[in-house]
Structure formats: C-alpha cells, structure tokens
Amino acid sequence: MNTLTENTTKTICYHCGDECRDEDIQINEKHFCCNGCKTVYEILDGNDLCEYYNLDEQPGISQKKEIVRNYDFLEDSDLINKLIDFTDGKVSTVKFYIPQMHCASCIWVLENLNRLNSGVLTSQVNFVKKTVSIKFDSTNTTIKELVILLDAIGYEPALNLEEKNEDKNTLENKKLYYRIGVAGFAFGNIMLLSFPEYLSIEGVEVFSLKQIFGYLSLLLALPVFFYSASQYFESAYKGLKSKIVNIDVPIAIGVFVLFTRSSIEIIFNLGSGYFDSLAGLIFFLLIGKVFQNKTYETLNFERNYKSYFPIAVTIKKADQETTIPVSKLNKGNRIMLKNNELVPADSVLISNETNIDYSFVTGESEAVHKVNGDLIYAGGRQIGKIAEVEVIKEVDQSYLTQLWNNKIFSKGRESKVVSLANGISKYFTIVVLLIAVLSSIYWSFYDLHTSFNVFTAVLIVACPCALALSTPFTLGNTLRIFGRNKFYLKSTEVIEDLGNINSIVFDKTGTITQTGQSKIEFIGDSLNEIEMALVGSAVKNSSHPLSRIIDNFLNVSSVKSLDYYNEIPGSGIEAKIGEDTIQLGSPKFLQLAKNNSNSLTNTHVFLKVNNILKGYFSITNQYRKGLNNTIQKLAIDYSLGVISGDNSRERENLLRIFPPSSEMKFEQSPQEKLSYIQHLQSFGKKVLMIGDGLNDAGALKQSDVGITITEDINNFSPACDAMLDSSKFELLKTFLQFSSTSKKIIIASFIISFIYNAGGLFFAVQGLLSPIIAAILMPLSSISVVIFTTLTTNFFAKSKGLL
C-alpha cells in the first residue's frame, strides 16, 4: 500500500510518516503531509532514487516547516575557503555535518548524491559522526548548490564553522552524567523507601506507609525509565527497525518488563514492585558505559597524525636547512619540499613555480601547475625541482589520518576476528532471548515471582558486552604498544594481517641499507667546482636515498636554481641549469653500452654532464645494524626475498646475509616490483613488502601488508599499511610475533567472556541471581575482560621487550 490508514480516518505521509491533514497533496496515489515532502519525493522519483523508500518505511524528514532559506552567503569566497577541505581548481572536497541522519535510507540517499547532481563525483557517509564527505567537480557545481540540494531532500547541513568535535564529546558526556545522576538519586531514595520491605515490618499503619512509599517509588522510577534508560530503548528500536538484534535489545526488554510488572504491583496493591532493582540496574549499566567511554578515550582510537605519523619536514631557518617533526610545524614556517615529498599543511608557494600531484587526495595522477603565491593544499605531493612554501594553516589533526585511510589505497581487508565476534554477538542475543522466555515459562508453574526474576536476570547477565569489547581493546592496546616502539599502523586490521604473513620481500636501498653510513667515492674524470655545484644542486631536489648520499658527499654550499628537473622512479634524474644539463642514474637510463656495467661492484650512479660521461659515484652499501641477526630470526618462520632497482653485483654480499633459498631480483622497475608481489600471491603467499615508500608505492599497495622504513625525511606514502622507524628495524620479527600473540589474546578473551555468560546464565536460570546482582555483574564482566586483555597484552609486550 502507498499509504497507511488507521480506522479509515488517518492517512500517513509516504515520505516522513506524519499524519496528512490535507489529503489533496498527492502524486501517483501517494499522499504527503506537505508540499515539502511531495517535492522531495518528486526529486528522488525524477532521478530514479525511489529505492530510498524500500530500505525503510517513511524514512524521510518532515518538510512541514516550509522555510525558504537563503544561501547567498555561500557565494562568499572567504567563507568557501573556510568550508572547503581541498581543491585543485577542478576537483574539490567538502565535509558537512548532517544532524538529521538516522537510518540506512539516509546513508543510501546521501551516498547517491551524484545521481541528483551531475557535479558530484563521490559522497561518503560517516554514520557515527553524522557527516558526509563530498568530492565534486567545482567547474560543474558549487558548495551553494550542494547545500541547497541537501536542504531540498531534508538533510540541511549544520554550517557552524566554530563547532569542534571536543564540544560534541563534552556534551554527550554531560548527558550521560545527568542520566547517571538521575538514576543514582532515584536508586538511593527508592532503597530508603523500601526499608519496611527489607526488614519485613508488619502492621496496619506500616501497610499504609508501604502503599505511600510504593507510589513515591513509582514517581521516582518514572524519570529513570523515561530519561536515564532512554538510550537503550532508542538503540534497540533503531536496531530492530533495521532488522538487527543488537545487544541493547535484551536490556531494553528486561527494563521494560521490570518497570511494567512493578507498576502493576504498586497500582493494584499486588506487591511492592522492583523499582529499587530497576533504578539500580540502570545506574550500574550507565556506570559501566562511563568506564567504557573513558577506556576508549585512553586508548585514543580516534588517532591523529601527532601520535602516529613519524613525518619530518625540512624547514629553512636563517638561510640554513634543518629538519623538524611535523608536530612542531607552525604557521609562518618555510618548508623545502623535494621531489616526491608530501605537503603536510596548507601552504603558499614561495618559489617561482612547481607541480603538485594530488592523486593521494583525488585519485587523479595529473600534476597541477602552481606559480608563486598559489595555495597548495595538504596531501599534495611535490613533483620536480625543490620548492619552497610557507605554511599558512595549522596541520589538520585528522586530515593526514583520513588521507592514509583513503579508499583509493584500501585493500578491501575485513577482519575475520571482528566478523566472527559480530556473528557470535548477533546469534548469542537471539539465543539469550529464547533462554529467558523458556526459563520464565518453566518457573511460572512454580512461582511467578521467581519466574519474573529469572526472565529479567537472564536478559541482563547474558549481555555480550564483554565479548564486544575484547577485540577493540586488545587491538587498540596493541596499536598503542607498537606506537610507543615507533611502529605505526594504519588500522587494527593490519595487526591481524601481520599475524598471517608467511613471505617477506625487502627492497634494498634505503630499506636494508643504512644511507647515513654509506661510503662513497667518485670514479672518473675529476669534477671542477662548477660541475660539482651543478650535480649538488640537482641531487638536492631528490629525496631518494642515493641522492641524499651524493648530496652529503658533495656538500655544496652554493645551490643553484634549476630551470628543469625530472626524476624517473627507479632510473635516475635529469636537470638543466642555464645551458648545462645533468643526468644521474643507472646505465640503462644514461643509455650506456652494456660492457660499461659488467665489471661493477657495489652500487654505482653514473653521471653525464652536457651529454658527456664523467664517471660514476661508487657507493659501498652499509647494511643496517643487526641486519644479520634479524634475517636469521626471520628465516626460521618466513620465506625471504630481495627485490632492487640496483645492479646484481650486490648478490654475493646479500647471500652471506640471507639464506640460500632466498629469491633475489635486481634492476627491477617499480612496475616489475609490483608484478613480483602479484606472482608470489598467485601461489597463495601472504606477502609482507618492506620498502622506502618512494619507488615501491605500487608494490606496497599490492602486498598483503606494506611497511615503509622511515628515517628523518618526509617519505610517507598512503600506499603503505605501516611505518617503521629505521632505529627499530631489529624488532621486526618481534612485531610480527606480537601480532600473532594479540590474536591469541582475543581468542582467550572470547573464551573468558563465554564462560562468564554461561556461568551467569546457569545461576540465573536456577533462580539464584536477582536482576540487580545481574546488573552489577554485567559491567564487572566487561571490566574484567578489559583488565585481562590489557594486563595480558602488556605482559607479553614486556616479555618481548616492547614495554
């Protein structure tokens, strides 16, 4: 039916569910309460989006206000710059807070905005935060048009530029504390009023007092039921409406039965009721929620770049270059961006010109040309010669984390542990409901009072909260421990993937070699000061490990400005300064004869000046401290391999470190590295790729887990799953082992949770557990699981030297 009718007199709005007072507002035999709701339906119907109404009954927001809002203020360029997160002149992104978002239909229509406005490229909803992030073609639509569209379909954005997430969290915490205060006040006073019952005092006068006390208890219980417990009813209702039996369903049923039964006993003088149990139950449940919230805040699941990103930037200070952590970057700092380095904060270009690749933000790899004074958004990657920029905006607390978790770089991973927990929680709740009903029916043949207590106690004590908490707390604590040891993971799912690894592939340069300790000499024609200045100026623009070694070796004080610069990953660089040209790289890149490279040892970087071969830089690789020991430990449990863009003469040295079975490939391009990872995966290997984040982006993304080794440079790549500080390289196997240990701790916590729930059910079914004791035990079980996972995780971390 298109409309719902009660007693043939009440017509329900097809869009929002409100009563239709004017039945003349209709279209296609569908009735609407106002022209606003009708307009929204027409918009959706005209764009073939009526699937919106199939996901839920009357899912829309009422449009009765019929207020025509003027959004002309959104044409102001200064305001647009404040609202917008990113733009390259073509593609822009903006995030809106949508307070009206409440169900699956809301998510569906908001993620299909591209069908309502052709200028919208993608839209992504964060249901928990009630936000929608929209990527749009700024040449085809505007922020004003997007806001008007959202308003027209009933999702007016809250455009409060000063609003902060901290304020929202504080408000939610205040509401929770108010609920606890009301429940605690009622609990204490109802217990005082119940003393005649507790002491079994009899008499006519006492009986009258008991009646009065009963009604007073009922009055005190009303705000507990309708206010303090309201969140459980709302959560249960929304879950059932979406055909999901969440963990709040049995709690809501238990509270409702407890209140209803107690009210009937008081009103009809059948007994004293259980309002003390009701108030105590809600009070202890809310106390448990506070504990849960505080623990989440302590583990800081909403991670920001300051805690997890070991990115450093090169700044210019008093005509000298130095590096500082991103966390200490302030407005007004001048940053020197080398080729392939990430822009950590919104900045203005000081250099004459540069090119910025925004592919990590937009997914489009086309570089955008920027000139002096242009705005460069955070997340862009500098391409070409070194560029100087000035920071104009503080580093966004969550933007880089959001960039790291961009769907562009998602591997589609889904945690098997989390999926198992969710599946168990779902069926566990249904089983608990059946046990509660059957136990209550059984006891009703003997004692209605016990039957009622058993029903309520079963619903409360068997709540799978501990089961639901075990996974996030264990993985969250593991993330914290890894972070303290300078191993930074993108998400908790990476921990599980690390535990499944059986094959490890290493890049060579900058990964297993230590760039700062390499020995270098130039073999060939002597370079004069002008040529040295030319080469030094060229390599200073590159962030490649070999370029940094050559830069430190030449130590050129007078850096010349380049007229042209190009770096080809895995091959070399070419630059032009005035009439002079420089080429640095592999023999193949410089088009050298084959026999020029056959007698080479170590790593060689050839040099051409004005198309004349001058010689090569011979670099003796210094392997990382503890590499031999690390490889020996890893070889016991994993198959190992090396893949490098350098020549193969390093093979003999590497075979002294790696086991004979290790596969080694040299002179590999970035695409060939990626193909090699795919080859291993085709044989069922779970591959860990460890690279430098520059030439290995494709291989890092393709691997099951990609780890970037970081030094004091800005070589962060969103394609990686984790970043390991080079000083902690020796702990690599420890990290892999600890990831497996974390999975075992989760399984152990599952078993403990199951034992607790089974034990609680046993005593509750036997009638040996009152509802209020069950309410106390439920948060205690959650606390015990959190304590167990935390202490156990910390114990194993200490045993492995991570704490």
# chains A, B, ... in the order shown; residues from 1 in each chain; ligands from 1
call {"tool": "residues_around", "arguments": {"residues": "A:Leu607", "least_positions_apart": "2", "cutoff": "9 Å", "atoms": "only C-alpha atoms", "output": "short mmCIF file (atom, residue, chain, number, x, y, z; two decimals) with N, CA, C and O atoms, in the first residue's frame"}}
result
data_model
loop_
_atom_site.label_atom_id
_atom_site.label_comp_id
_atom_site.auth_asym_id
_atom_site.auth_seq_id
_atom_site.Cartn_x
_atom_site.Cartn_y
_atom_site.Cartn_z
N VAL A 535 75.93 19.24 -10.04
CA VAL A 535 75.46 17.94 -9.55
C VAL A 535 74.81 18.09 -8.18
O VAL A 535 73.74 17.53 -7.92
N ILE A 582 72.39 17.94 -16.72
CA ILE A 582 72.92 16.92 -15.81
C ILE A 582 72.04 15.68 -15.93
O ILE A 582 70.81 15.77 -15.95
N GLN A 583 72.68 14.50 -16.00
CA GLN A 583 71.97 13.22 -15.96
C GLN A 583 72.65 12.32 -14.95
O GLN A 583 73.87 12.12 -15.01
N LEU A 584 71.87 11.78 -14.03
CA LEU A 584 72.37 10.87 -12.99
C LEU A 584 71.47 9.65 -12.93
O LEU A 584 70.25 9.80 -12.92
N GLY A 585 72.08 8.44 -12.89
CA GLY A 585 71.23 7.28 -12.74
C GLY A 585 71.89 5.99 -13.18
O GLY A 585 73.12 5.86 -13.19
N SER A 586 71.08 5.05 -13.59
CA SER A 586 71.55 3.72 -13.98
C SER A 586 72.15 3.77 -15.38
O SER A 586 71.91 4.70 -16.16
N LEU A 590 71.11 6.22 -18.67
CA LEU A 590 72.05 7.08 -19.39
C LEU A 590 72.42 6.51 -20.76
O LEU A 590 73.29 7.05 -21.45
N VAL A 605 76.18 5.05 -9.42
CA VAL A 605 75.29 6.05 -10.01
C VAL A 605 76.11 6.81 -11.05
O VAL A 605 77.08 7.52 -10.69
N VAL A 609 77.47 15.03 -17.84
CA VAL A 609 77.36 16.49 -17.84
C VAL A 609 77.40 16.94 -19.28
O VAL A 609 78.37 16.65 -20.01
N ILE A 612 78.08 14.22 -21.76
CA ILE A 612 79.41 13.59 -21.75
C ILE A 612 79.55 12.79 -20.46
O ILE A 612 79.35 13.32 -19.37
N LEU A 613 79.87 11.50 -20.58
CA LEU A 613 80.04 10.64 -19.40
C LEU A 613 81.26 11.09 -18.60
O LEU A 613 82.39 11.10 -19.12
N LYS A 614 81.03 11.46 -17.35
CA LYS A 614 82.12 11.92 -16.49
C LYS A 614 82.64 10.82 -15.56
O LYS A 614 83.73 10.92 -15.03
N GLY A 615 81.82 9.79 -15.33
CA GLY A 615 82.21 8.73 -14.42
C GLY A 615 81.02 8.26 -13.61
O GLY A 615 79.87 8.37 -14.06
N TYR A 616 81.29 7.75 -12.42
CA TYR A 616 80.19 7.28 -11.58
C TYR A 616 80.55 7.42 -10.12
O TYR A 616 81.72 7.42 -9.72
N PHE A 617 79.51 7.55 -9.31
CA PHE A 617 79.66 7.55 -7.86
C PHE A 617 79.58 6.10 -7.40
O PHE A 617 78.56 5.43 -7.64
#
call {"tool": "select_by_dssp", "arguments": {"residues": "stretch 499-631 of chain A", "states": "helix (DSSP H, G or I)", "output": "MDAnalysis selection string"}}
result
chainID A and resid 515:517 529:539 545:554 594:596 627:631
call {"tool": "atom_distance", "arguments": {"atom1": "atom CA of A:Val461", "atom2": "atom CA of A:Tyr756"}}
result
9.0 Å
call {"tool": "closest_residue", "arguments": {"among": "A:Gln514, A:Thr790, A:Ser133, A:Ser784", "to": "A:Arg548", "atoms": "only C-alpha atoms"}}
result
A:Gln514
call {"tool": "atom_distance", "arguments": {"atom1": "atom CA of A:Phe187", "atom2": "atom CA of A:Ile435"}}
result
28.5 Å
call {"tool": "residues_around", "arguments": {"residues": "stretch 453-455 of chain A", "least_positions_apart": "3", "cutoff": "7 Å", "atoms": "only C-alpha atoms", "output": "ChimeraX atom specification"}}
result
/A:436-437,439-440,449-450,458-459,764-765,767,770-771
call {"tool": "closest_residue", "arguments": {"among": "A:Ile481, A:Ile550, A:Met664, A:Ile752", "to": "A:Tyr676", "atoms": "only C-alpha atoms"}}
result
A:Met664
call {"tool": "residues_around", "arguments": {"residues": "A:Glu265", "least_positions_apart": "2", "cutoff": "12 Å", "atoms": "only C-alpha atoms", "output": "number ranges by chain"}}
result
A: 211, 214-215, 217-218, 258-263, 267-275, 449
call {"tool": "closest_residue", "arguments": {"among": "A:Glu667, A:Glu394, A:Glu29, A:Glu529", "to": "A:Lys328", "atoms": "only C-alpha atoms"}}
result
A:Glu394
call {"tool": "closest_residue", "arguments": {"among": "A:Ile512, A:Ala221, A:Ile386, A:Ala635", "to": "A:Ile709", "atoms": "only C-alpha atoms"}}
result
A:Ile512
call {"tool": "closest_residue", "arguments": {"among": "A:Thr792, A:Asn552, A:Ser726, A:Thr492", "to": "A:Tyr623", "atoms": "only C-alpha atoms"}}
result
A:Ser726
call {"tool": "residues_around", "arguments": {"residues": "stretch 373-380 of chain A", "least_positions_apart": "4", "cutoff": "6 Å", "atoms": "only C-alpha atoms", "output": "list in words"}}
result
Leu342, Val343, Pro344, Ala345, Asp346, Ser347, Val348, Leu349, Ile356, Asp357 and Tyr358 of chain A
call {"tool": "closest_residue", "arguments": {"among": "A:Leu337, A:Cys37, A:Ile707, A:Ile677", "to": "A:Leu724", "atoms": "only C-alpha atoms"}}
result
A:Ile707
call {"tool": "select_by_dssp", "arguments": {"residues": "stretch 648-770 of chain A", "states": "strand (DSSP E)", "output": "JSON, numbers by chain"}}
result
{"A": [663, 664, 665, 687, 688, 689, 690, 691, 705, 706, 707, 708, 709, 710, 722, 723, 724, 725]}
call {"tool": "residues_around", "arguments": {"residues": "A:Asp137", "least_positions_apart": "4", "cutoff": "7 Å", "atoms": "only C-alpha atoms", "output": "PDB file with all heavy atoms, in the first residue's frame"}}
result
ATOM      1  N   LYS A  90      39.676  22.095 -10.106  1.00  0.00           N
ATOM      2  CA  LYS A  90      38.710  21.237 -10.812  1.00  0.00           C
ATOM      3  C   LYS A  90      37.945  20.364  -9.826  1.00  0.00           C
ATOM      4  O   LYS A  90      36.719  20.411  -9.759  1.00  0.00           O
ATOM      5  CB  LYS A  90      39.436  20.371 -11.847  1.00  0.00           C
ATOM      6  CG  LYS A  90      40.108  21.161 -12.966  1.00  0.00           C
ATOM      7  CD  LYS A  90      40.815  20.219 -13.942  1.00  0.00           C
ATOM      8  CE  LYS A  90      41.502  20.995 -15.051  1.00  0.00           C
ATOM      9  NZ  LYS A  90      42.223  20.090 -15.986  1.00  0.00           N
ATOM     10  N   VAL A  91      38.694  19.567  -9.084  1.00  0.00           N
ATOM     11  CA  VAL A  91      38.075  18.684  -8.093  1.00  0.00           C
ATOM     12  C   VAL A  91      38.194  19.308  -6.709  1.00  0.00           C
ATOM     13  O   VAL A  91      39.268  19.775  -6.321  1.00  0.00           O
ATOM     14  CB  VAL A  91      38.741  17.292  -8.104  1.00  0.00           C
ATOM     15  CG1 VAL A  91      38.146  16.407  -7.022  1.00  0.00           C
ATOM     16  CG2 VAL A  91      38.585  16.645  -9.473  1.00  0.00           C
ATOM     17  N   SER A  92      37.100  19.325  -5.958  1.00  0.00           N
ATOM     18  CA  SER A  92      37.096  19.878  -4.601  1.00  0.00           C
ATOM     19  C   SER A  92      36.433  18.887  -3.659  1.00  0.00           C
ATOM     20  O   SER A  92      35.628  18.043  -4.086  1.00  0.00           O
ATOM     21  CB  SER A  92      36.347  21.213  -4.554  1.00  0.00           C
ATOM     22  OG  SER A  92      36.913  22.158  -5.432  1.00  0.00           O
ATOM     23  N   GLY A 119      27.402  17.138 -10.905  1.00  0.00           N
ATOM     24  CA  GLY A 119      28.693  17.683 -10.496  1.00  0.00           C
ATOM     25  C   GLY A 119      29.317  16.935  -9.345  1.00  0.00           C
ATOM     26  O   GLY A 119      30.512  17.086  -9.075  1.00  0.00           O
ATOM     27  N   VAL A 120      28.523  16.115  -8.645  1.00  0.00           N
ATOM     28  CA  VAL A 120      29.044  15.338  -7.521  1.00  0.00           C
ATOM     29  C   VAL A 120      29.748  14.092  -8.059  1.00  0.00           C
ATOM     30  O   VAL A 120      29.158  13.313  -8.805  1.00  0.00           O
ATOM     31  CB  VAL A 120      27.922  14.929  -6.549  1.00  0.00           C
ATOM     32  CG1 VAL A 120      28.459  14.030  -5.452  1.00  0.00           C
ATOM     33  CG2 VAL A 120      27.267  16.163  -5.948  1.00  0.00           C
ATOM     34  N   LEU A 121      31.013  13.917  -7.677  1.00  0.00           N
ATOM     35  CA  LEU A 121      31.780  12.757  -8.125  1.00  0.00           C
ATOM     36  C   LEU A 121      31.564  11.568  -7.197  1.00  0.00           C
ATOM     37  O   LEU A 121      31.225  10.486  -7.645  1.00  0.00           O
ATOM     38  CB  LEU A 121      33.268  13.127  -8.198  1.00  0.00           C
ATOM     39  CG  LEU A 121      33.609  14.316  -9.120  1.00  0.00           C
ATOM     40  CD1 LEU A 121      35.090  14.637  -9.040  1.00  0.00           C
ATOM     41  CD2 LEU A 121      33.202  14.018 -10.555  1.00  0.00           C
ATOM     42  N   THR A 141      29.545  22.444 -10.420  1.00  0.00           N
ATOM     43  CA  THR A 141      28.614  22.758  -9.335  1.00  0.00           C
ATOM     44  C   THR A 141      29.351  23.536  -8.252  1.00  0.00           C
ATOM     45  O   THR A 141      30.575  23.662  -8.298  1.00  0.00           O
ATOM     46  CB  THR A 141      27.988  21.471  -8.751  1.00  0.00           C
ATOM     47  OG1 THR A 141      26.898  21.830  -7.900  1.00  0.00           O
ATOM     48  CG2 THR A 141      29.003  20.675  -7.944  1.00  0.00           C
TER      49      THR A 141
END
